[in-house]
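Containing TSV, C-alpha atoms (C1' of nucleotides): upload.tsv.
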```
chain	number	residue	atom	x	y	z
V	4	MET	CA	-15.77	-36.92	-146.54
V	5	ASN	CA	-12.36	-38.45	-146.68
V	6	LEU	CA	-10.18	-41.41	-145.95
V	7	LYS	CA	-7.23	-41.28	-143.61
V	8	LYS	CA	-3.81	-40.60	-145.05
V	9	TYR	CA	-2.90	-43.72	-143.20
V	10	THR	CA	-5.15	-45.70	-145.50
V	11	ASP	CA	-3.58	-44.05	-148.51
V	12	TYR	CA	-0.10	-44.83	-147.25
V	13	SER	CA	-0.99	-48.43	-146.49
V	14	LEU	CA	-2.26	-48.98	-150.00
V	15	ARG	CA	0.84	-47.45	-151.46
V	16	VAL	CA	3.10	-49.58	-149.30
V	17	LEU	CA	1.26	-52.63	-150.56
V	18	ILE	CA	1.57	-51.50	-154.15
V	19	PHE	CA	5.30	-51.06	-153.74
V	20	THR	CA	5.70	-54.34	-151.96
V	21	GLY	CA	3.60	-56.11	-154.55
V	22	LEU	CA	6.14	-55.18	-157.19
V	23	LYS	CA	8.78	-57.30	-155.51
V	24	HIS	CA	9.01	-60.91	-156.57
V	25	GLY	CA	10.44	-64.14	-155.28
V	26	GLU	CA	12.98	-63.53	-152.60
V	27	GLU	CA	13.09	-59.80	-153.20
V	28	ARG	CA	12.03	-57.71	-150.26
V	29	ALA	CA	10.99	-54.10	-149.92
V	30	ARG	CA	12.81	-52.06	-147.35
V	31	ILE	CA	11.18	-49.31	-145.35
V	32	LYS	CA	13.88	-46.93	-146.46
V	33	GLU	CA	13.12	-47.63	-150.12
V	34	ILE	CA	9.43	-47.04	-149.65
V	35	SER	CA	10.07	-43.89	-147.71
V	36	ASP	CA	12.32	-42.62	-150.51
V	37	VAL	CA	10.03	-43.47	-153.38
V	38	TYR	CA	6.96	-41.84	-151.93
V	39	ASN	CA	8.72	-39.14	-149.96
V	40	ILE	CA	7.03	-40.17	-146.76
V	41	SER	CA	9.10	-40.08	-143.59
V	42	GLN	CA	10.50	-43.41	-142.51
V	43	GLU	CA	8.65	-43.01	-139.22
V	44	HIS	CA	5.30	-43.15	-140.94
V	45	VAL	CA	6.22	-45.96	-143.21
V	46	ARG	CA	7.44	-47.86	-140.18
V	47	LYS	CA	4.07	-47.42	-138.48
V	48	VAL	CA	2.15	-48.43	-141.54
V	49	VAL	CA	4.33	-51.44	-142.19
V	50	HIS	CA	4.10	-52.55	-138.61
V	51	ASP	CA	0.36	-52.34	-138.83
V	52	LEU	CA	0.23	-54.32	-142.05
V	53	VAL	CA	2.36	-57.00	-140.45
V	54	LYS	CA	-0.03	-57.21	-137.53
V	55	ARG	CA	-2.92	-57.60	-139.94
V	56	GLY	CA	-1.13	-60.43	-141.64
V	57	LEU	CA	-0.87	-58.74	-145.00
V	58	VAL	CA	2.88	-58.54	-145.19
V	59	GLU	CA	5.62	-60.47	-143.49
V	60	SER	CA	8.84	-58.91	-142.35
V	61	THR	CA	12.35	-60.12	-141.78
V	62	ARG	CA	14.60	-58.25	-139.43
V	63	GLY	CA	18.27	-57.71	-139.61
V	64	ARG	CA	20.65	-57.16	-142.43
V	65	GLY	CA	19.14	-58.10	-145.76
V	66	GLY	CA	15.70	-57.99	-144.19
V	67	GLY	CA	12.62	-56.23	-145.42
V	68	ILE	CA	9.01	-56.99	-146.13
V	69	ARG	CA	7.05	-58.90	-148.72
V	70	LEU	CA	3.41	-59.78	-149.22
V	71	ALA	CA	2.17	-62.50	-146.89
V	72	LYS	CA	-0.19	-63.78	-149.56
V	73	PRO	CA	-0.68	-63.48	-153.31
V	74	ALA	CA	-1.71	-60.05	-154.53
V	75	ASN	CA	-4.95	-61.40	-155.92
V	76	GLU	CA	-5.99	-62.49	-152.45
V	77	ILE	CA	-5.67	-59.04	-150.99
V	78	ASN	CA	-9.05	-57.45	-151.48
V	79	ILE	CA	-9.21	-53.68	-151.66
V	80	GLY	CA	-12.66	-53.44	-150.13
V	81	MET	CA	-11.77	-55.53	-147.13
V	82	LEU	CA	-8.55	-53.63	-146.76
V	83	VAL	CA	-10.20	-50.23	-146.71
V	84	ARG	CA	-12.85	-51.46	-144.32
V	85	GLU	CA	-10.18	-52.65	-141.92
V	86	LEU	CA	-8.01	-49.59	-142.20
V	87	GLU	CA	-10.84	-47.15	-141.72
V	88	GLN	CA	-12.43	-48.99	-138.82
V	89	ASP	CA	-15.26	-46.68	-137.74
V	90	PHE	CA	-17.91	-45.48	-140.09
V	91	VAL	CA	-19.95	-43.06	-138.06
V	92	LEU	CA	-21.40	-41.21	-141.00
V	93	LEU	CA	-24.24	-39.88	-138.91
V	94	GLU	CA	-24.59	-39.36	-135.19
V	95	CYS	CA	-27.15	-42.14	-135.02
V	96	PHE	CA	-24.66	-44.69	-136.34
V	97	ASP	CA	-23.05	-44.69	-132.94
V	98	GLN	CA	-25.53	-45.88	-130.35
V	99	GLY	CA	-24.26	-44.62	-127.07
V	100	VAL	CA	-23.50	-41.21	-128.49
V	101	ASN	CA	-26.66	-40.80	-130.46
V	102	HIS	CA	-29.35	-38.63	-128.99
V	103	CYS	CA	-31.32	-37.78	-132.07
V	104	VAL	CA	-34.95	-38.26	-131.11
V	105	ILE	CA	-36.14	-39.20	-134.55
V	106	SER	CA	-33.63	-41.97	-135.17
V	107	PRO	CA	-36.13	-44.78	-134.52
V	108	GLY	CA	-38.26	-43.59	-137.40
V	109	CYS	CA	-35.65	-41.91	-139.55
V	110	SER	CA	-34.99	-43.31	-143.01
V	111	LEU	CA	-31.77	-41.42	-143.47
V	112	LYS	CA	-29.53	-43.98	-141.84
V	113	HIS	CA	-30.86	-46.72	-144.06
V	114	ILE	CA	-30.22	-44.68	-147.14
V	115	ILE	CA	-26.72	-43.75	-146.09
V	116	ASN	CA	-26.00	-47.34	-145.17
V	117	LYS	CA	-27.20	-48.52	-148.51
V	118	ALA	CA	-24.92	-45.99	-150.18
V	119	LEU	CA	-22.00	-47.11	-148.06
V	120	GLY	CA	-22.72	-50.66	-149.08
V	121	ALA	CA	-22.57	-49.66	-152.72
V	122	PHE	CA	-19.26	-47.95	-152.08
V	123	PHE	CA	-17.69	-51.10	-150.70
V	124	LYS	CA	-19.31	-53.35	-153.23
V	125	VAL	CA	-17.28	-51.59	-155.89
V	126	LEU	CA	-14.07	-51.77	-153.89
V	127	GLU	CA	-14.61	-55.43	-153.23
V	128	GLU	CA	-14.46	-56.13	-156.94
V	129	TYR	CA	-10.74	-55.34	-156.89
V	130	THR	CA	-7.63	-56.86	-155.41
V	131	LEU	CA	-4.08	-55.65	-155.07
V	132	GLU	CA	-3.33	-57.45	-158.29
V	133	ASP	CA	-5.50	-54.98	-160.15
V	134	LEU	CA	-3.44	-52.18	-158.70
V	135	ILE	CA	-0.17	-53.59	-159.98
V	136	HIS	CA	-1.26	-54.95	-163.33
V	137	ASN	CA	0.78	-52.25	-165.06
V	138	GLU	CA	3.92	-53.28	-163.25
V	139	GLU	CA	6.40	-51.85	-165.72
V	140	GLU	CA	4.76	-48.45	-165.82
V	141	LEU	CA	4.70	-48.26	-162.06
V	142	LYS	CA	8.31	-49.31	-161.79
V	143	THR	CA	9.29	-46.63	-164.25
V	144	LEU	CA	7.39	-44.01	-162.30
V	145	MET	CA	9.16	-45.14	-159.18
V	146	GLY	CA	12.55	-45.07	-160.80
V	147	MET	CA	12.87	-48.82	-160.40
V	148	ASP	CA	13.14	-49.44	-164.10
V	149	THR	CA	16.91	-49.72	-164.39
V	150	GLY	CA	17.00	-52.95	-162.53
V	151	ASP	CA	20.03	-52.01	-160.44
V	152	ARG	CA	18.91	-50.39	-157.28
V	153	LYS	CA	21.39	-52.13	-155.07
V	154	GLN	CA	22.37	-49.36	-152.71
M	22	MET	CA	-14.50	-42.24	-143.07
M	23	ASN	CA	-17.23	-39.94	-141.98
M	24	LEU	CA	-19.52	-37.09	-142.86
M	25	LYS	CA	-19.48	-33.79	-141.05
M	26	LYS	CA	-21.91	-33.27	-138.20
M	27	TYR	CA	-22.83	-30.20	-140.12
M	28	THR	CA	-24.20	-32.40	-142.89
M	29	ASP	CA	-26.15	-34.43	-140.39
M	30	TYR	CA	-27.59	-31.29	-138.83
M	31	SER	CA	-28.51	-29.85	-142.19
M	32	LEU	CA	-30.42	-32.95	-143.15
M	33	ARG	CA	-32.25	-32.93	-139.86
M	34	VAL	CA	-33.16	-29.29	-140.20
M	35	LEU	CA	-34.62	-30.06	-143.60
M	36	ILE	CA	-36.55	-33.01	-142.23
M	37	PHE	CA	-38.04	-30.84	-139.52
M	38	THR	CA	-38.80	-28.06	-141.92
M	39	GLY	CA	-40.33	-30.46	-144.38
M	40	LEU	CA	-42.93	-31.39	-141.81
M	41	LYS	CA	-44.37	-27.90	-141.86
M	42	HIS	CA	-47.10	-27.18	-144.37
M	43	GLY	CA	-48.71	-24.22	-146.02
M	44	GLU	CA	-47.97	-21.04	-144.16
M	45	GLU	CA	-46.47	-22.86	-141.20
M	46	ARG	CA	-42.85	-22.06	-140.55
M	47	ALA	CA	-40.16	-23.72	-138.52
M	48	ARG	CA	-38.36	-21.59	-136.01
M	49	ILE	CA	-34.71	-22.03	-135.14
M	50	LYS	CA	-35.65	-22.28	-131.48
M	51	GLU	CA	-38.03	-25.18	-132.18
M	52	ILE	CA	-35.42	-27.07	-134.16
M	53	SER	CA	-32.82	-26.45	-131.51
M	54	ASP	CA	-35.20	-27.80	-128.87
M	55	VAL	CA	-36.30	-30.88	-130.74
M	56	TYR	CA	-32.84	-32.09	-131.61
M	57	ASN	CA	-31.06	-30.68	-128.61
M	58	ILE	CA	-28.60	-28.81	-130.74
M	59	SER	CA	-27.58	-25.35	-129.59
M	60	GLN	CA	-29.37	-22.50	-131.32
M	61	GLU	CA	-26.02	-21.22	-132.45
M	62	HIS	CA	-25.41	-24.25	-134.60
M	63	VAL	CA	-28.90	-24.40	-135.95
M	64	ARG	CA	-28.56	-20.77	-136.86
M	65	LYS	CA	-25.40	-21.47	-138.86
M	66	VAL	CA	-26.92	-24.45	-140.60
M	67	VAL	CA	-30.11	-22.60	-141.44
M	68	HIS	CA	-28.21	-19.63	-142.73
M	69	ASP	CA	-26.24	-21.91	-144.96
M	70	LEU	CA	-29.34	-23.64	-146.27
M	71	VAL	CA	-30.84	-20.28	-147.07
M	72	LYS	CA	-27.74	-19.30	-149.03
M	73	ARG	CA	-27.98	-22.53	-150.96
M	74	GLY	CA	-31.56	-21.74	-151.84
M	75	LEU	CA	-33.01	-24.76	-150.09
M	76	VAL	CA	-35.07	-22.94	-147.51
M	77	GLU	CA	-36.42	-19.44	-147.36
M	78	SER	CA	-36.56	-17.42	-144.21
M	79	THR	CA	-38.71	-14.63	-142.92
M	80	ARG	CA	-37.36	-12.35	-140.27
M	81	GLY	CA	-39.14	-10.68	-137.48
M	82	ARG	CA	-42.07	-11.68	-135.38
M	83	GLY	CA	-43.93	-14.65	-136.81
M	84	GLY	CA	-40.92	-15.40	-138.97
M	85	GLY	CA	-39.16	-18.68	-139.48
M	86	ILE	CA	-38.11	-20.91	-142.30
M	87	ARG	CA	-39.77	-23.16	-144.80
M	88	LEU	CA	-38.63	-25.16	-147.77
M	89	ALA	CA	-37.88	-23.09	-150.83
M	90	LYS	CA	-39.08	-25.88	-153.10
M	91	PRO	CA	-41.16	-29.04	-152.86
M	92	ALA	CA	-39.59	-31.82	-150.81
M	93	ASN	CA	-39.49	-34.12	-153.80
M	94	GLU	CA	-37.25	-31.68	-155.61
M	95	ILE	CA	-34.62	-31.72	-152.89
M	96	ASN	CA	-32.30	-34.53	-153.84
M	97	ILE	CA	-30.32	-36.19	-151.07
M	98	GLY	CA	-27.36	-37.00	-153.25
M	99	MET	CA	-26.97	-33.47	-154.50
M	100	LEU	CA	-27.44	-32.19	-151.01
M	101	VAL	CA	-24.71	-34.34	-149.50
M	102	ARG	CA	-22.39	-33.50	-152.35
M	103	GLU	CA	-22.87	-29.81	-151.72
M	104	LEU	CA	-22.59	-30.00	-147.98
M	105	GLU	CA	-19.45	-32.08	-148.01
M	106	GLN	CA	-17.69	-30.03	-150.66
M	107	ASP	CA	-14.26	-31.62	-150.85
M	108	PHE	CA	-13.74	-35.27	-151.47
M	109	VAL	CA	-10.03	-35.72	-151.13
M	110	LEU	CA	-10.18	-39.42	-150.43
M	111	LEU	CA	-6.59	-39.85	-151.46
M	112	GLU	CA	-3.72	-37.42	-151.61
M	113	CYS	CA	-3.74	-37.60	-155.41
M	114	PHE	CA	-7.32	-36.30	-155.57
M	115	ASP	CA	-5.96	-32.88	-154.81
M	116	GLN	CA	-3.61	-31.77	-157.54
M	117	GLY	CA	-1.48	-29.09	-155.99
M	118	VAL	CA	-0.97	-31.07	-152.85
M	119	ASN	CA	-0.31	-34.39	-154.46
M	120	HIS	CA	3.23	-35.52	-154.72
M	121	CYS	CA	2.74	-39.23	-155.12
M	122	VAL	CA	5.05	-40.24	-157.95
M	123	ILE	CA	2.95	-43.12	-159.16
M	124	SER	CA	-0.29	-41.20	-159.53
M	125	PRO	CA	-0.07	-40.96	-163.33
M	126	GLY	CA	-0.15	-44.73	-163.57
M	127	CYS	CA	-2.02	-45.61	-160.42
M	128	SER	CA	-5.36	-47.37	-160.74
M	129	LEU	CA	-6.35	-46.73	-157.18
M	130	LYS	CA	-7.89	-43.32	-157.75
M	131	HIS	CA	-10.10	-44.69	-160.51
M	132	ILE	CA	-11.33	-47.45	-158.29
M	133	ILE	CA	-12.02	-45.14	-155.39
M	134	ASN	CA	-13.74	-42.70	-157.70
M	135	LYS	CA	-15.91	-45.44	-159.08
M	136	ALA	CA	-16.84	-46.43	-155.55
M	137	LEU	CA	-17.63	-42.84	-154.66
M	138	GLY	CA	-19.82	-42.67	-157.74
M	139	ALA	CA	-21.73	-45.71	-156.56
M	140	PHE	CA	-22.18	-44.10	-153.18
M	141	PHE	CA	-23.80	-41.04	-154.66
M	142	LYS	CA	-25.77	-42.95	-157.20
M	143	VAL	CA	-27.66	-44.53	-154.32
M	144	LEU	CA	-28.18	-41.23	-152.55
M	145	GLU	CA	-29.41	-39.63	-155.74
M	146	GLU	CA	-32.29	-42.07	-155.83
M	147	TYR	CA	-33.83	-40.31	-152.86
M	148	THR	CA	-35.32	-36.94	-152.13
M	149	LEU	CA	-36.34	-35.19	-148.95
M	150	GLU	CA	-39.82	-36.51	-149.56
M	151	ASP	CA	-38.58	-40.03	-148.92
M	152	LEU	CA	-37.24	-38.90	-145.59
M	153	ILE	CA	-40.57	-37.53	-144.44
M	154	HIS	CA	-42.91	-40.10	-145.89
M	155	ASN	CA	-43.71	-41.29	-142.37
M	156	GLU	CA	-44.74	-37.85	-141.28
M	157	GLU	CA	-46.94	-38.89	-138.39
M	158	GLU	CA	-44.34	-41.16	-136.86
M	159	LEU	CA	-41.72	-38.45	-137.07
M	160	LYS	CA	-44.02	-35.88	-135.55
M	161	THR	CA	-44.76	-38.19	-132.68
M	162	LEU	CA	-41.06	-38.78	-132.09
M	163	MET	CA	-40.55	-35.05	-132.06
M	164	GLY	CA	-43.39	-34.44	-129.68
M	165	MET	CA	-45.28	-32.56	-132.35
M	166	ASP	CA	-48.23	-34.91	-132.33
M	167	THR	CA	-50.57	-32.92	-130.11
M	168	GLY	CA	-51.09	-30.28	-132.70
M	169	ASP	CA	-50.80	-27.42	-130.23
M	170	ARG	CA	-47.27	-26.27	-129.95
M	171	LYS	CA	-48.07	-22.58	-129.88
M	172	GLN	CA	-45.60	-21.39	-127.31
I	22	DT	C1'	31.84	-61.22	-131.41
I	23	DT	C1'	30.58	-56.99	-132.58
I	24	DA	C1'	28.86	-53.42	-135.40
I	25	DA	C1'	25.66	-52.19	-138.77
I	26	DA	C1'	21.31	-52.92	-140.93
I	27	DA	C1'	16.78	-53.79	-140.57
I	28	DG	C1'	12.34	-53.71	-138.34
I	29	DG	C1'	9.42	-53.01	-133.50
I	30	DT	C1'	7.26	-50.12	-130.17
I	31	DG	C1'	5.79	-46.56	-127.14
I	32	DT	C1'	5.24	-41.85	-126.36
I	33	DA	C1'	5.18	-36.98	-127.30
I	34	DT	C1'	4.28	-33.07	-130.08
I	35	DT	C1'	2.26	-30.46	-133.78
I	36	DT	C1'	-1.29	-29.30	-136.83
I	37	DT	C1'	-5.68	-29.02	-138.62
I	38	DG	C1'	-10.35	-28.73	-138.95
I	39	DA	C1'	-14.55	-29.42	-136.90
I	40	DA	C1'	-17.46	-28.21	-133.28
I	41	DT	C1'	-18.98	-24.88	-130.31
I	42	DA	C1'	-19.70	-20.41	-128.19
I	43	DC	C1'	-20.11	-15.40	-127.99
I	44	DA	C1'	-21.34	-10.85	-129.34
I	45	DT	C1'	-23.70	-7.80	-131.97
I	46	DC	C1'	-26.50	-6.40	-135.97
I	47	DT	C1'	-30.80	-6.18	-138.99
I	48	DT	C1'	-35.51	-6.84	-140.06
I	49	DT	C1'	-40.36	-6.72	-139.19
I	50	DA	C1'	-44.98	-7.51	-137.03
I	51	DT	C1'	-47.55	-5.69	-133.48
X	29	DA	C1'	-41.07	1.46	-129.75
X	30	DT	C1'	-40.10	-3.06	-128.78
X	31	DA	C1'	-39.86	-7.77	-128.84
X	32	DA	C1'	-39.32	-11.67	-131.78
X	33	DA	C1'	-36.99	-13.63	-135.23
X	34	DG	C1'	-33.13	-14.31	-138.25
X	35	DA	C1'	-27.96	-12.60	-140.05
X	36	DT	C1'	-23.21	-12.54	-139.51
X	37	DG	C1'	-18.53	-12.36	-138.11
X	38	DT	C1'	-15.22	-13.79	-134.91
X	39	DA	C1'	-13.21	-16.37	-131.24
X	40	DT	C1'	-12.49	-20.41	-128.57
X	41	DT	C1'	-12.37	-25.26	-127.54
X	42	DC	C1'	-11.55	-29.88	-128.57
X	43	DA	C1'	-10.39	-34.12	-130.85
X	44	DA	C1'	-8.19	-36.65	-134.11
X	45	DA	C1'	-4.95	-37.12	-137.37
X	46	DA	C1'	-0.41	-36.41	-138.74
X	47	DT	C1'	4.13	-36.25	-137.54
X	48	DA	C1'	8.32	-36.68	-134.90
X	49	DC	C1'	11.43	-38.61	-131.48
X	50	DA	C1'	13.75	-41.94	-128.75
X	51	DC	C1'	15.09	-46.22	-127.87
X	52	DC	C1'	14.55	-51.46	-128.25
X	53	DT	C1'	15.21	-56.09	-130.58
X	54	DT	C1'	16.72	-59.15	-134.10
X	55	DT	C1'	19.82	-60.70	-137.54
X	56	DT	C1'	23.85	-61.38	-140.08
X	57	DA	C1'	28.08	-60.25	-142.38
X	58	DA	C1'	32.63	-58.97	-141.52
```
As structure tokens, how would this structure be written, given the file I've shared?
Amino acid sequence: MNLKKYTDYSLRVLIFTGLKHGEERARIKEISDVYNISQEHVRKVVHDLVKRGLVESTRGRGGGIRLAKPANEINIGMLVRELEQDFVLLECFDQGVNHCVISPGCSLKHIINKALGAFFKVLEEYTLEDLIHNEEELKTLMGMDTGDRKQ
Amino acid sequence: MNLKKYTDYSLRVLIFTGLKHGEERARIKEISDVYNISQEHVRKVVHDLVKRGLVESTRGRGGGIRLAKPANEINIGMLVRELEQDFVLLECFDQGVNHCVISPGCSLKHIINKALGAFFKVLEEYTLEDLIHNEEELKTLMGMDTGDRKQ
DNA sequence: TTAAAAGGTGTATTTTGAATACATCTTTAT
DNA sequence: ATAAAGATGTATTCAAAATACACCTTTTAA
């Protein structure tokens, strides 16, 4: 059982971006440096987040990305749901592939579904804001605490 | 997000086995036939369940497997936990691999862990007995309803 | 007006782990 | 003895994720 690294990266990109305020923008290069993830991956993730309407980007010199909406409107549960798309926890979750004869009378899928629901219910109680509430600590960890990162 | 097929298979093997009573035993061949899973895989799964002490097997003619303890003592949550072993939902779940700089101050892992806890809490409310409560229906679906499957 | 900085996009390759298959051994009832 | 049943280790296949590469477009400051 796992989530995709992609999901992990996306969340981290949002955390980083959420620490920028006003006209400040996060650059792919910065994000790539802070997390030690290749620019290529960050690019992909960012592009995807733009398509989903979670961040907005500006091209060209002085460009970068910033959140497309307030951090407290970005729900973690919904985010993870979107990023992970398919939840085929059991063969029978995917009609069309399923050929388990007992699935019509099998309670397992209901139980697993209920558990999955509980999983997301918890995630849905949080927003990006909860992930960046300790802004100063995070900035320190990222080496953004000096305030002069003009490169 | 997904579970291993292996986990799915294991649960199904247990369901089938749980439908046998008294001195009746389930044979790998039977299980393989009912679910249309190759004997090779069933073999692996069964072997694993034996090692985990969930079923006991008898070799030789007239052999087969049966539950090693009452169905209501086989907890679904514990089972899934065991079968899925590693839950590295985020990079930072695996110290040793993790190199995310913000992990010491990152709330995400706590949230995900809480959600995972909720997932298992639901599963832990059920035992194998709950999965075979509709014994007759399951037997019918499996083509075991005639009562004479002596092959 | 052009060069550099920034993101956009498609495709290719690598890696990993699950899924599957094969071969051969051991045990035991008849 | 032998056939039925499980035990076990290894090898192969396959798919998906992870990663890398190449090149395009937009913007703006010099």
**Q.** Within 8 Å of chain M: residues of chain V, using all atoms listed in the file, as number ranges by chain
**A.** V: 4-8, 11, 37-39, 87, 89-94, 102-105, 108-111, 114-115, 117-126, 133-134, 137, 140-141, 144-145
With distances taken over all atoms listed in the file, which of M:Arg64, M:Arg46, M:Lys90, M:Arg82 is nearest to chain I?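 Among M:Arg64, M:Arg46, M:Lys90, M:Arg82, it is M:Arg82 that comes nearest to chain I.
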Select from chain I every residue with an atom at most 8 Å from any atom of chain V, then for each give the shortest pair of atoms and their distance in Å to one decimal, using only C-alpha atoms (C1' of nucleotides), rows by chain and rising number, as CSV.
```
residue,atom,partner,partner_atom,distance
I:DA25,C1',V:Arg64,CA,7.9
I:DA26,C1',V:Arg64,CA,4.5
I:DA27,C1',V:Gly63,CA,4.3
I:DG28,C1',V:Arg62,CA,5.2
I:DG29,C1',V:His50,CA,7.4
```
Residues near DG38 in chain I, anyone? I mean within 12 Å using all atoms listed in the file, not counting same-chain ones fewer than 6 positions away, as a PyMOL selection string. (chain M and resi 25) or (chain X and resi 42-45)
Atom pair C1' of DA44 in chain I + C1' of DT41 in chain X, distance 17.1 Å
What separates CA of Ile77 in chain V and CA of Asn119 in chain M is a distance of 25.5 Å
Show me which bits of chain X are within 6 Å of chain V, counting only C-alpha atoms (C1' of nucleotides), as a ChimeraX atom specification. /X:54-56
* Option closest in space to Glu59 in chain V, from V:Asn78, V:Gln98, V:Thr20, V:Thr130 [counting only C-alpha atoms] ->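 Among the listed residues, the smallest separation from Glu59 in chain V belongs to V:Thr20.
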Closest of V:Gly99, V:Glu85, V:Arg69, V:Met147 to His24 in chain V, counting all atoms listed in the file, is V:Arg69
